[in-house]
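Student: Contents of model-v2.csv (CSV, C-alpha atoms) are below:
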chain,number,residue,atom,x,y,z
R,1317,MET,CA,0.0,0.0,0.0
R,1318,ALA,CA,2.7,2.4,1.0
R,1319,SER,CA,4.6,1.9,-2.2
R,1320,LEU,CA,1.5,2.8,-4.2
R,1321,LEU,CA,0.6,5.8,-2.1
R,1322,SER,CA,4.2,7.1,-2.4
R,1323,LYS,CA,3.9,6.8,-6.1
R,1324,GLY,CA,0.5,8.4,-6.2
R,1325,ARG,CA,-1.1,5.5,-7.9
R,1326,VAL,CA,-4.6,4.3,-7.3
R,1327,ALA,CA,-4.9,1.0,-5.4
R,1328,SER,CA,-6.5,-1.6,-7.6
R,1329,PRO,CA,-6.7,-5.4,-7.5
R,1330,PHE,CA,-5.3,-5.5,-11.0
R,1331,VAL,CA,-2.2,-3.5,-11.2
R,1332,LYS,CA,-1.5,-2.3,-14.7
R,1333,PRO,CA,2.0,-1.9,-16.1
R,1334,LEU,CA,3.1,1.7,-16.3
R,1335,ALA,CA,1.9,3.1,-19.6
R,1336,GLN,CA,5.0,5.0,-20.3
R,1337,GLY,CA,7.3,2.4,-18.9
R,1338,ARG,CA,11.0,2.5,-19.0
R,1339,GLU,CA,12.0,1.9,-22.6
R,1340,GLY,CA,13.3,-1.6,-23.2
R,1341,SER,CA,12.8,-2.7,-19.6
R,1342,PRO,CA,12.2,-6.4,-19.9
R,1343,LYS,CA,10.2,-6.6,-16.6
R,1344,LEU,CA,7.4,-4.6,-18.1
R,1345,GLN,CA,5.9,-7.4,-20.0
R,1346,ILE,CA,6.0,-10.0,-17.2
R,1347,VAL,CA,2.6,-11.1,-16.1
R,1348,VAL,CA,2.5,-12.9,-12.8
R,1349,GLY,CA,-0.6,-15.0,-11.9
R,1350,ILE,CA,-1.7,-14.9,-8.3
R,1351,VAL,CA,-4.0,-17.8,-7.4
R,1352,VAL,CA,-6.9,-16.9,-5.3
R,1353,PHE,CA,-8.6,-19.6,-3.3
R,1354,PRO,CA,-11.7,-19.1,-1.1
R,1355,GLY,CA,-9.9,-17.9,2.1
R,1356,SER,CA,-6.7,-16.5,0.5
R,1357,ASN,CA,-6.0,-13.2,2.1
R,1358,CYS,CA,-2.6,-12.0,1.0
R,1359,GLU,CA,-3.2,-11.8,-2.8
R,1360,HIS,CA,-3.6,-8.1,-2.9
R,1361,ASP,CA,-0.4,-7.6,-0.9
R,1362,VAL,CA,1.4,-9.6,-3.6
R,1363,VAL,CA,-0.2,-7.5,-6.3
R,1364,GLU,CA,0.9,-4.3,-4.6
R,1365,SER,CA,4.5,-5.4,-4.1
R,1366,LEU,CA,4.8,-6.7,-7.7
R,1367,GLY,CA,3.4,-3.3,-8.8
R,1368,SER,CA,6.3,-1.6,-7.1
R,1369,LEU,CA,8.5,-3.7,-9.4
R,1370,ASP,CA,6.7,-2.6,-12.5
R,1371,ALA,CA,5.4,-6.1,-13.1
R,1372,LYS,CA,1.8,-6.8,-14.1
R,1373,ALA,CA,-0.2,-9.0,-11.8
R,1374,GLN,CA,-3.4,-10.9,-12.5
R,1375,LEU,CA,-5.6,-12.7,-10.0
R,1376,LEU,CA,-6.6,-16.2,-11.0
R,1377,TRP,CA,-9.6,-17.7,-9.4
R,1378,HIS,CA,-8.9,-21.3,-8.2
R,1379,SER,CA,-11.8,-23.0,-10.0
R,1380,GLN,CA,-10.5,-22.0,-13.4
R,1381,ALA,CA,-7.8,-24.1,-15.2
R,1382,ASP,CA,-6.4,-21.3,-17.4
R,1383,LEU,CA,-3.3,-19.6,-16.2
R,1384,GLN,CA,-3.9,-16.9,-18.8
R,1385,ASN,CA,-0.3,-16.8,-20.1
R,1386,SER,CA,1.2,-16.0,-16.7
R,1387,ARG,CA,4.9,-16.2,-16.7
R,1388,ALA,CA,5.2,-16.9,-13.0
R,1389,ILE,CA,2.7,-18.1,-10.4
R,1390,VAL,CA,2.3,-17.1,-6.8
R,1391,LEU,CA,0.3,-19.1,-4.3
R,1392,PRO,CA,-0.4,-16.4,-1.7
R,1393,GLY,CA,-0.9,-16.7,2.1
R,1394,GLY,CA,-4.2,-17.1,3.8
R,1395,PHE,CA,-6.5,-19.9,4.8
R,1396,ALA,CA,-7.5,-21.6,1.6
R,1397,HIS,CA,-10.8,-23.5,2.1
R,1398,GLY,CA,-10.6,-22.5,5.8
R,1399,ASP,CA,-7.6,-24.8,6.3
R,1400,TYR,CA,-10.2,-27.5,6.9
R,1401,LEU,CA,-8.8,-31.0,7.4
R,1402,ARG,CA,-5.3,-29.7,7.0
R,1403,PRO,CA,-3.8,-26.5,5.4
R,1404,GLY,CA,-3.8,-27.1,1.7
R,1405,ALA,CA,-5.6,-30.4,1.9
R,1406,ILE,CA,-8.6,-29.2,-0.1
R,1407,ALA,CA,-6.8,-26.6,-2.2
R,1408,LYS,CA,-4.8,-29.2,-3.9
R,1409,PHE,CA,-7.9,-30.4,-5.7
R,1410,SER,CA,-8.8,-27.0,-7.1
R,1411,ASN,CA,-8.9,-27.0,-10.9
R,1412,ILE,CA,-6.1,-24.5,-11.2
R,1413,MET,CA,-3.7,-26.8,-9.3
R,1414,ASN,CA,-3.5,-29.2,-12.2
R,1415,SER,CA,-2.4,-26.3,-14.4
R,1416,VAL,CA,0.1,-25.1,-11.8
R,1417,VAL,CA,1.6,-28.5,-11.5
R,1418,GLU,CA,1.9,-28.7,-15.2
R,1419,PHE,CA,3.4,-25.2,-15.4
R,1420,ALA,CA,5.9,-26.1,-12.6
R,1421,ARG,CA,6.9,-29.4,-14.3
R,1422,ALA,CA,7.6,-27.5,-17.5
R,1423,GLY,CA,10.0,-25.3,-15.5
R,1424,GLY,CA,7.8,-22.3,-14.8
R,1425,PRO,CA,8.7,-20.3,-11.7
R,1426,VAL,CA,6.2,-20.9,-8.8
R,1427,LEU,CA,6.4,-19.3,-5.4
R,1428,GLY,CA,4.2,-20.5,-2.5
R,1429,ILE,CA,4.1,-18.1,0.4
R,1430,CYS,CA,2.9,-19.4,3.8
R,1431,ASN,CA,-0.4,-21.1,3.0
R,1432,GLY,CA,0.9,-21.3,-0.5
R,1433,PHE,CA,4.0,-23.3,0.8
R,1434,GLN,CA,1.6,-25.6,2.6
R,1435,ILE,CA,-0.4,-26.2,-0.6
R,1436,LEU,CA,2.8,-26.9,-2.6
R,1437,THR,CA,3.8,-29.7,-0.1
R,1438,GLU,CA,0.2,-31.1,-0.2
R,1439,VAL,CA,0.2,-31.2,-4.0
R,1440,GLY,CA,3.6,-32.9,-4.0
R,1441,LEU,CA,5.6,-30.1,-5.8
R,1442,LEU,CA,7.7,-29.8,-2.7
R,1443,PRO,CA,8.6,-32.5,-0.1
R,1444,GLY,CA,7.9,-32.5,3.6
R,1445,ALA,CA,4.9,-31.1,5.5
R,1446,LEU,CA,4.2,-28.1,7.7
R,1447,GLN,CA,2.7,-29.0,11.1
R,1448,LYS,CA,1.6,-27.0,14.1
R,1449,ASN,CA,4.3,-24.7,15.6
R,1450,ARG,CA,6.3,-26.0,18.5
R,1451,GLY,CA,4.6,-24.4,21.5
R,1452,LEU,CA,1.2,-24.4,19.8
R,1453,ARG,CA,1.1,-20.7,19.3
R,1454,PHE,CA,0.1,-18.7,16.3
R,1455,ILE,CA,3.2,-16.6,15.6
R,1456,CYS,CA,3.0,-13.1,14.0
R,1457,GLU,CA,6.2,-11.3,14.2
R,1458,MET,CA,9.2,-10.0,12.2
R,1459,SER,CA,11.7,-12.9,11.6
R,1460,GLN,CA,15.3,-12.8,10.6
R,1461,VAL,CA,15.9,-15.1,7.7
R,1462,VAL,CA,19.2,-16.1,6.2
R,1463,VAL,CA,19.6,-16.9,2.5
R,1464,SER,CA,21.0,-20.4,2.4
R,1465,THR,CA,21.3,-20.6,-1.4
R,1466,ALA,CA,21.0,-18.1,-4.2
R,1467,ASN,CA,20.3,-20.9,-6.6
R,1468,SER,CA,16.5,-20.8,-6.8
R,1469,SER,CA,13.8,-18.9,-8.6
R,1470,ALA,CA,13.1,-16.9,-5.4
R,1471,SER,CA,16.6,-16.1,-4.3
R,1472,ARG,CA,18.7,-15.6,-7.5
R,1473,GLN,CA,19.0,-11.9,-6.8
R,1474,LEU,CA,20.1,-12.4,-3.3
R,1475,ALA,CA,23.6,-13.3,-1.9
R,1476,GLN,CA,24.1,-16.5,0.0
R,1477,GLY,CA,24.4,-15.6,3.7
R,1478,ALA,CA,22.4,-12.4,3.3
R,1479,GLN,CA,20.2,-11.7,6.3
R,1480,LEU,CA,16.6,-10.5,5.6
R,1481,SER,CA,13.9,-9.1,7.9
R,1482,ILE,CA,10.7,-10.7,6.7
R,1483,PRO,CA,7.5,-11.2,8.8
R,1484,ILE,CA,6.0,-14.6,9.6
R,1485,ASN,CA,2.3,-15.1,10.3
R,1486,HIS,CA,1.4,-18.7,10.8
R,1487,PHE,CA,0.2,-21.5,13.1
R,1488,GLU,CA,1.4,-24.4,10.9
R,1489,GLY,CA,4.9,-23.4,9.9
R,1490,ASN,CA,6.9,-26.1,11.6
R,1491,PHE,CA,8.6,-27.8,8.6
R,1492,THR,CA,9.0,-31.5,9.0
R,1493,CYS,CA,10.2,-34.3,6.8
R,1494,SER,CA,11.8,-37.7,6.9
R,1495,HIS,CA,15.5,-38.0,7.7
R,1496,ASP,CA,16.2,-39.1,4.2
R,1497,THR,CA,14.4,-36.1,2.7
R,1498,LEU,CA,16.3,-33.7,5.0
R,1499,GLU,CA,19.6,-35.2,3.9
R,1500,GLN,CA,18.6,-34.9,0.3
R,1501,LEU,CA,17.6,-31.3,0.7
R,1502,GLN,CA,20.9,-30.5,2.4
R,1503,GLN,CA,23.1,-32.4,0.0
R,1504,GLU,CA,21.3,-30.9,-3.1
R,1505,ASP,CA,21.5,-27.4,-1.6
R,1506,ARG,CA,17.7,-27.0,-1.7
R,1507,ILE,CA,17.2,-25.2,1.6
R,1508,VAL,CA,16.6,-21.6,0.3
R,1509,PHE,CA,15.9,-19.8,3.6
R,1510,ARG,CA,16.7,-20.6,7.2
R,1511,TYR,CA,15.5,-18.8,10.4
R,1512,LEU,CA,18.2,-17.1,12.4
R,1513,ASN,CA,16.2,-17.8,15.6
R,1514,ASN,CA,14.0,-20.7,14.9
R,1515,PRO,CA,10.5,-19.6,15.9
R,1516,ASN,CA,8.4,-22.7,15.3
R,1517,GLY,CA,10.5,-25.8,15.6
R,1518,SER,CA,11.2,-26.4,11.9
R,1519,VAL,CA,13.8,-29.0,11.3
R,1520,ASP,CA,17.2,-27.5,10.5
R,1521,ASP,CA,15.7,-24.0,10.9
R,1522,ILE,CA,14.1,-24.4,7.5
R,1523,ALA,CA,12.0,-21.4,6.4
R,1524,GLY,CA,11.9,-22.1,2.7
R,1525,ILE,CA,12.9,-24.9,0.2
R,1526,THR,CA,13.1,-25.4,-3.5
R,1527,ASN,CA,12.4,-28.4,-5.7
R,1528,GLU,CA,15.0,-30.5,-7.7
R,1529,THR,CA,14.8,-28.2,-10.7
R,1530,ARG,CA,14.9,-25.1,-8.5
R,1531,ASN,CA,12.0,-23.3,-10.1
R,1532,VAL,CA,9.4,-24.0,-7.4
R,1533,VAL,CA,10.0,-22.4,-4.0
R,1534,GLY,CA,7.9,-22.5,-0.8
R,1535,MET,CA,8.6,-20.2,2.1
R,1536,MET,CA,6.7,-19.4,5.3
R,1537,PRO,CA,7.9,-15.8,5.7
R,1538,HIS,CA,5.9,-13.2,3.7
R,1539,PRO,CA,8.2,-11.2,1.4
R,1540,GLU,CA,5.2,-9.2,0.1
R,1541,ARG,CA,4.8,-7.8,3.6
R,1542,ALA,CA,8.4,-6.5,3.6
R,1543,CYS,CA,8.4,-4.5,0.4
R,1544,ASP,CA,8.5,-0.9,1.6
R,1545,PRO,CA,10.4,0.8,4.4
R,1546,MET,CA,7.0,2.0,5.8
R,1547,LEU,CA,6.2,-1.7,6.6
R,1548,GLY,CA,9.4,-2.0,8.6
R,1549,SER,CA,11.5,-3.7,6.0
R,1550,SER,CA,11.9,-3.8,2.2
R,1551,ASP,CA,14.0,-6.9,2.2
R,1552,GLY,CA,11.2,-9.0,0.7
R,1553,ILE,CA,11.3,-7.1,-2.6
R,1554,GLN,CA,14.4,-9.0,-3.7
R,1555,VAL,CA,12.6,-12.3,-3.3
R,1556,LEU,CA,9.9,-11.1,-5.7
R,1557,ALA,CA,12.4,-9.5,-8.0
R,1558,SER,CA,14.2,-12.9,-8.2
R,1559,LEU,CA,10.9,-14.5,-9.2
R,1560,LEU,CA,10.4,-11.9,-12.0
R,1561,GLU,CA,14.0,-12.5,-13.2
R,1562,ALA,CA,13.3,-16.2,-13.3
R,1563,ALA,CA,10.2,-15.5,-15.3
R,1564,GLN,CA,12.0,-13.7,-18.1
I,939,MET,CA,-26.6,-56.3,-3.4
I,940,ALA,CA,-24.7,-53.3,-2.1
I,941,MET,CA,-24.3,-53.1,1.6
I,942,LYS,CA,-23.9,-50.0,3.8
I,943,TYR,CA,-21.0,-49.8,6.2
I,944,GLU,CA,-20.1,-47.4,9.0
I,945,VAL,CA,-16.6,-46.2,8.7
I,946,LEU,CA,-14.3,-44.7,11.4
I,947,VAL,CA,-11.0,-43.3,10.2
I,948,GLU,CA,-8.6,-42.3,13.0
I,949,VAL,CA,-5.9,-40.0,11.8
I,950,SER,CA,-2.9,-39.7,14.1
I,951,LEU,CA,0.6,-38.3,13.8
I,952,ARG,CA,3.1,-40.8,12.7
I,953,GLU,CA,5.5,-42.4,15.2
I,954,GLY,CA,8.5,-40.1,15.7
I,955,ILE,CA,6.6,-36.9,14.7
I,956,ALA,CA,6.4,-34.5,17.6
I,957,ASP,CA,2.9,-34.1,18.9
I,958,PRO,CA,2.8,-30.8,20.8
I,959,GLN,CA,-0.9,-31.1,21.6
I,960,GLY,CA,-0.5,-34.6,23.1
I,961,ALA,CA,2.6,-33.5,25.0
I,962,THR,CA,0.8,-30.4,26.4
I,963,ILE,CA,-2.2,-32.5,27.6
I,964,GLU,CA,0.2,-35.1,29.1
I,965,ARG,CA,2.1,-32.4,31.0
I,966,SER,CA,-1.1,-30.9,32.5
I,967,LEU,CA,-2.4,-34.2,33.8
I,968,PRO,CA,-0.3,-34.5,37.0
I,969,ALA,CA,-1.4,-31.1,38.1
I,970,LEU,CA,-5.0,-32.5,38.2
I,971,GLY,CA,-3.9,-35.6,40.2
I,972,PHE,CA,-3.7,-38.0,37.3
I,973,GLU,CA,-0.2,-39.4,37.7
I,974,SER,CA,-0.6,-42.7,35.9
I,975,ILE,CA,-1.2,-41.5,32.3
I,976,GLU,CA,1.5,-41.5,29.6
I,977,SER,CA,1.9,-41.6,25.8
I,978,VAL,CA,-0.9,-39.1,25.1
I,979,ARG,CA,-1.4,-38.6,21.3
I,980,VAL,CA,-3.9,-36.3,19.7
I,981,GLY,CA,-5.5,-37.0,16.4
I,982,LYS,CA,-8.7,-36.7,14.4
I,983,ALA,CA,-11.7,-39.1,14.1
I,984,ILE,CA,-13.6,-38.9,10.8
I,985,ARG,CA,-16.9,-40.9,10.5
I,986,PHE,CA,-18.9,-41.6,7.4
I,987,ARG,CA,-21.0,-44.2,5.7
I,988,ILE,CA,-20.2,-46.0,2.5
I,989,GLN,CA,-22.0,-48.3,0.1
I,990,ALA,CA,-20.1,-51.2,-1.2
I,991,ASP,CA,-20.5,-54.8,-2.3
I,992,ASP,CA,-18.6,-56.2,0.7
I,993,ALA,CA,-16.4,-55.1,3.6
I,994,SER,CA,-13.2,-55.6,1.7
I,995,SER,CA,-14.2,-53.5,-1.2
I,996,ALA,CA,-15.4,-50.8,1.2
I,997,LYS,CA,-12.0,-50.9,2.9
I,998,SER,CA,-10.1,-50.5,-0.3
I,999,THR,CA,-12.2,-47.5,-1.3
I,1000,VAL,CA,-11.6,-45.9,2.2
I,1001,GLN,CA,-7.9,-46.6,1.9
I,1002,GLN,CA,-7.8,-44.6,-1.3
I,1003,VAL,CA,-9.8,-41.8,0.4
I,1004,CYS,CA,-7.3,-41.8,3.2
I,1005,GLU,CA,-4.3,-41.6,0.9
I,1006,ARG,CA,-5.7,-38.9,-1.3
I,1007,LEU,CA,-7.4,-36.7,1.1
I,1008,LEU,CA,-7.9,-37.6,4.8
I,1009,ALA,CA,-4.3,-37.9,5.8
I,1010,ASN,CA,-0.9,-36.5,4.8
I,1011,PRO,CA,1.3,-39.6,4.6
I,1012,VAL,CA,4.4,-37.5,5.3
I,1013,ILE,CA,3.3,-36.9,8.9
I,1014,GLU,CA,0.1,-38.9,9.5
I,1015,ASP,CA,-1.0,-42.5,9.9
I,1016,THR,CA,-4.6,-43.8,9.6
I,1017,ALA,CA,-6.5,-46.6,11.3
I,1018,ILE,CA,-9.7,-47.7,9.5
I,1019,THR,CA,-12.6,-49.5,11.3
I,1020,ILE,CA,-15.4,-50.7,9.2
I,1021,THR,CA,-18.7,-52.2,10.6
I,1022,GLU,CA,-21.9,-53.1,8.9
I,1023,ALA,CA,-24.5,-50.4,9.3
I,1024,THR,CA,-27.3,-51.6,11.6
I,1025,THR,CA,-30.2,-50.0,9.6
I,1026,GLY,CA,-30.3,-48.4,6.3
I,1027,ASP,CA,-31.5,-45.1,7.6
I,1028,ALA,CA,-29.5,-44.7,10.7
I,1029,LYS,CA,-28.0,-41.3,11.0
Written as structure tokens, how would this file's structure read?

Tutor:
Amino acid sequence: MASLLSKGRVASPFVKPLAQGREGSPKLQIVVGIVVFPGSNCEHDVVESLGSLDAKAQLLWHSQADLQNSRAIVLPGGFAHGDYLRPGAIAKFSNIMNSVVEFARAGGPVLGICNGFQILTEVGLLPGALQKNRGLRFICEMSQVVVSTANSSASRQLAQGAQLSIPINHFEGNFTCSHDTLEQLQQEDRIVFRYLNNPNGSVDDIAGITNETRNVVGMMPHPERACDPMLGSSDGIQVLASLLEAAQ
Amino acid sequence: MAMKYEVLVEVSLREGIADPQGATIERSLPALGFESIESVRVGKAIRFRIQADDASSAKSTVQQVCERLLANPVIEDTAITITEATTGDAK
């Protein structure tokens, strides 16, 4: 919101690319699809933050199968289908998820944030699962996150070892997986973000991971909520900028 | 002729997966004077009715439902109990 206000633009669910954009800027043409499930609640934050990067965002309702030529897909935070049964358990059967899986398998960049990360594990694009936080508390606070690898679609503009301030906001953020899966993630350098001070009990301080082909990333912290100094941090902008670069 | 069966699916966290709800309940019991309880695990119970030719075909359908929807095999196990429905209209 702040970024839009500061630029004097009108807030809209569909952010249009700047009409007189920077000549030759490759980012102008990138259209990012943001999937909206019943119960998603962070989609407009993602639209706003992508707008500040001069990308075009379009909201995609979950019951449609058409990704409408999106070059990157974001599964935003929230409580898809009320988190009934388990977070992501019902969302994985939405029409659009078949298309998202197909898009991901073809190498398209996909970022799942918070509830989106939970959905990506449920649908099998990412390994492991997110269970209730250690301590059984819903946690909403700024977290310090370290970039563990720059080799992913959501971290390619970041330096390995960089420390980011990005808020978390979840009850089920405690990443867990089998011992074998954890070893595989470590050996293949697929842990993208780690918490500096593990807030929820995640194994190996994991805050975000990527798939084998490094185009799908799931993360519990909300980069879209850290995209303007007015929000307390603008560190998240580099995560979304990485996604846009991967979409080019 | 198709039969009706009552199904109980119990979903619990797999062995070795931390169960913070169970641990919290277990820790609170001694304060209430219950000193003899251990190994508390919290899960979900899901009940429904199913129409099938026989108990084994009912069970195989329920197993598929468990794998595809009711449980996340990464962290959860299921136990299925199937009994013949007593009357066709029982709620």

Student: Just how far from atom CA of Leu1375 of chain R is atom CA of Ser1471 of chain R, in Å to one decimal?

Tutor: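 If I compute the distance from atom CA of Ser1471 of chain R to atom CA of Leu1375 of chain R, I get 23.2 Å.
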
Student: Could you list the residues in chain I lying within 12 Å of chain R, using all atoms listed in the file, and format the result as a JSON list (two decimals) with C-alpha atoms, in the frame of the given file?

Tutor:
[["chain", "number", "residue", "atom", "x", "y", "z"],
["I", 949, "VAL", "CA", -5.90, -40.00, 11.80],
["I", 951, "LEU", "CA", 0.60, -38.30, 13.80],
["I", 952, "ARG", "CA", 3.10, -40.80, 12.70],
["I", 953, "GLU", "CA", 5.50, -42.40, 15.20],
["I", 954, "GLY", "CA", 8.50, -40.10, 15.70],
["I", 955, "ILE", "CA", 6.60, -36.90, 14.70],
["I", 956, "ALA", "CA", 6.40, -34.50, 17.60],
["I", 957, "ASP", "CA", 2.90, -34.10, 18.90],
["I", 958, "PRO", "CA", 2.80, -30.80, 20.80],
["I", 959, "GLN", "CA", -0.90, -31.10, 21.60],
["I", 960, "GLY", "CA", -0.50, -34.60, 23.10],
["I", 961, "ALA", "CA", 2.60, -33.50, 25.00],
["I", 962, "THR", "CA", 0.80, -30.40, 26.40],
["I", 963, "ILE", "CA", -2.20, -32.50, 27.60],
["I", 981, "GLY", "CA", -5.50, -37.00, 16.40],
["I", 982, "LYS", "CA", -8.70, -36.70, 14.40],
["I", 983, "ALA", "CA", -11.70, -39.10, 14.10],
["I", 984, "ILE", "CA", -13.60, -38.90, 10.80],
["I", 1004, "CYS", "CA", -7.30, -41.80, 3.20],
["I", 1005, "GLU", "CA", -4.30, -41.60, 0.90],
["I", 1006, "ARG", "CA", -5.70, -38.90, -1.30],
["I", 1007, "LEU", "CA", -7.40, -36.70, 1.10],
["I", 1008, "LEU", "CA", -7.90, -37.60, 4.80],
["I", 1009, "ALA", "CA", -4.30, -37.90, 5.80],
["I", 1010, "ASN", "CA", -0.90, -36.50, 4.80],
["I", 1011, "PRO", "CA", 1.30, -39.60, 4.60],
["I", 1012, "VAL", "CA", 4.40, -37.50, 5.30],
["I", 1013, "ILE", "CA", 3.30, -36.90, 8.90],
["I", 1014, "GLU", "CA", 0.10, -38.90, 9.50]]

Student: In file coordinates, which residues lie within 9 Å of (-18.6, -42.3, 14.3) using all atoms listed in the file, given as a list in words?

Tutor: Glu944, Val945, Leu946, Val947, Ala983, Ile984, Arg985 and Phe986 of chain I

Student: How many Å lie between atom CA of Met1536 of chain R and atom CA of Asp1505 of chain R, rounded to one decimal?

Tutor: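 So the answer is 18.2 Å.
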
Student: Determine, counting all atoms listed in the file, which protein, DNA and RNA residues have an atom within 12 Å of an atom of Arg1472 of chain R; residues of the same chain fewer than 5 positions away are not included. Present the result as a VMD selection string.

Tutor: chain R and resid 1425 1463 to 1467 1478 1508 1526 1530 to 1531 1533 1554 to 1563

Student: Could you pull the residues within 9 Å of Leu1501 of chain R, counting only C-alpha atoms, minus those fewer than 4 positions along the same chain, as a list in words?

Tutor: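 The contact residues come out as Asp1496, Thr1497, Asp1505, Arg1506, Ile1507, Ile1525, Thr1526, Asn1527 and Glu1528 of chain R.
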
Student: For the selection you just gave me, I'd like the residues written to a file as an mmCIF file, in the frame of the given file, keeping C-alpha atoms.

Tutor:
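Saved file out-v3.cif follows:
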data_model
loop_
_atom_site.group_PDB
_atom_site.id
_atom_site.type_symbol
_atom_site.label_atom_id
_atom_site.label_comp_id
_atom_site.auth_asym_id
_atom_site.auth_seq_id
_atom_site.Cartn_x
_atom_site.Cartn_y
_atom_site.Cartn_z
ATOM 1 C CA ASP R 1496 16.200 -39.100 4.200
ATOM 2 C CA THR R 1497 14.400 -36.100 2.700
ATOM 3 C CA ASP R 1505 21.500 -27.400 -1.600
ATOM 4 C CA ARG R 1506 17.700 -27.000 -1.700
ATOM 5 C CA ILE R 1507 17.200 -25.200 1.600
ATOM 6 C CA ILE R 1525 12.900 -24.900 0.200
ATOM 7 C CA THR R 1526 13.100 -25.400 -3.500
ATOM 8 C CA ASN R 1527 12.400 -28.400 -5.700
ATOM 9 C CA GLU R 1528 15.000 -30.500 -7.700
#

Student: Quote the spacing between atom CA of Pro1392 of chain R and atom CA of Val1003 of chain I in Å to one decimal place.

Tutor: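 Going from atom CA of Pro1392 of chain R over to atom CA of Val1003 of chain I, I get 27.2 Å.
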
Student: Give the answer as one residue: which of R:Phe1353, R:Pro1483, R:Ser1549, R:Leu1442 has the shortest atom-to-atom distance to Arg1421 of chain R, using all atoms listed in the file?

Tutor: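 Residue with the minimum atom-to-atom distance to Arg1421 of chain R: R:Leu1442.
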
Student: Restricting the calculation to all atoms listed in the file: of R:Ile1435, R:Ala1388, R:Val1461, R:Ile1484, which residue gets closest to Gln1374 of chain R?

Tutor: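 Among the listed residues, the smallest separation from Gln1374 of chain R belongs to R:Ala1388.
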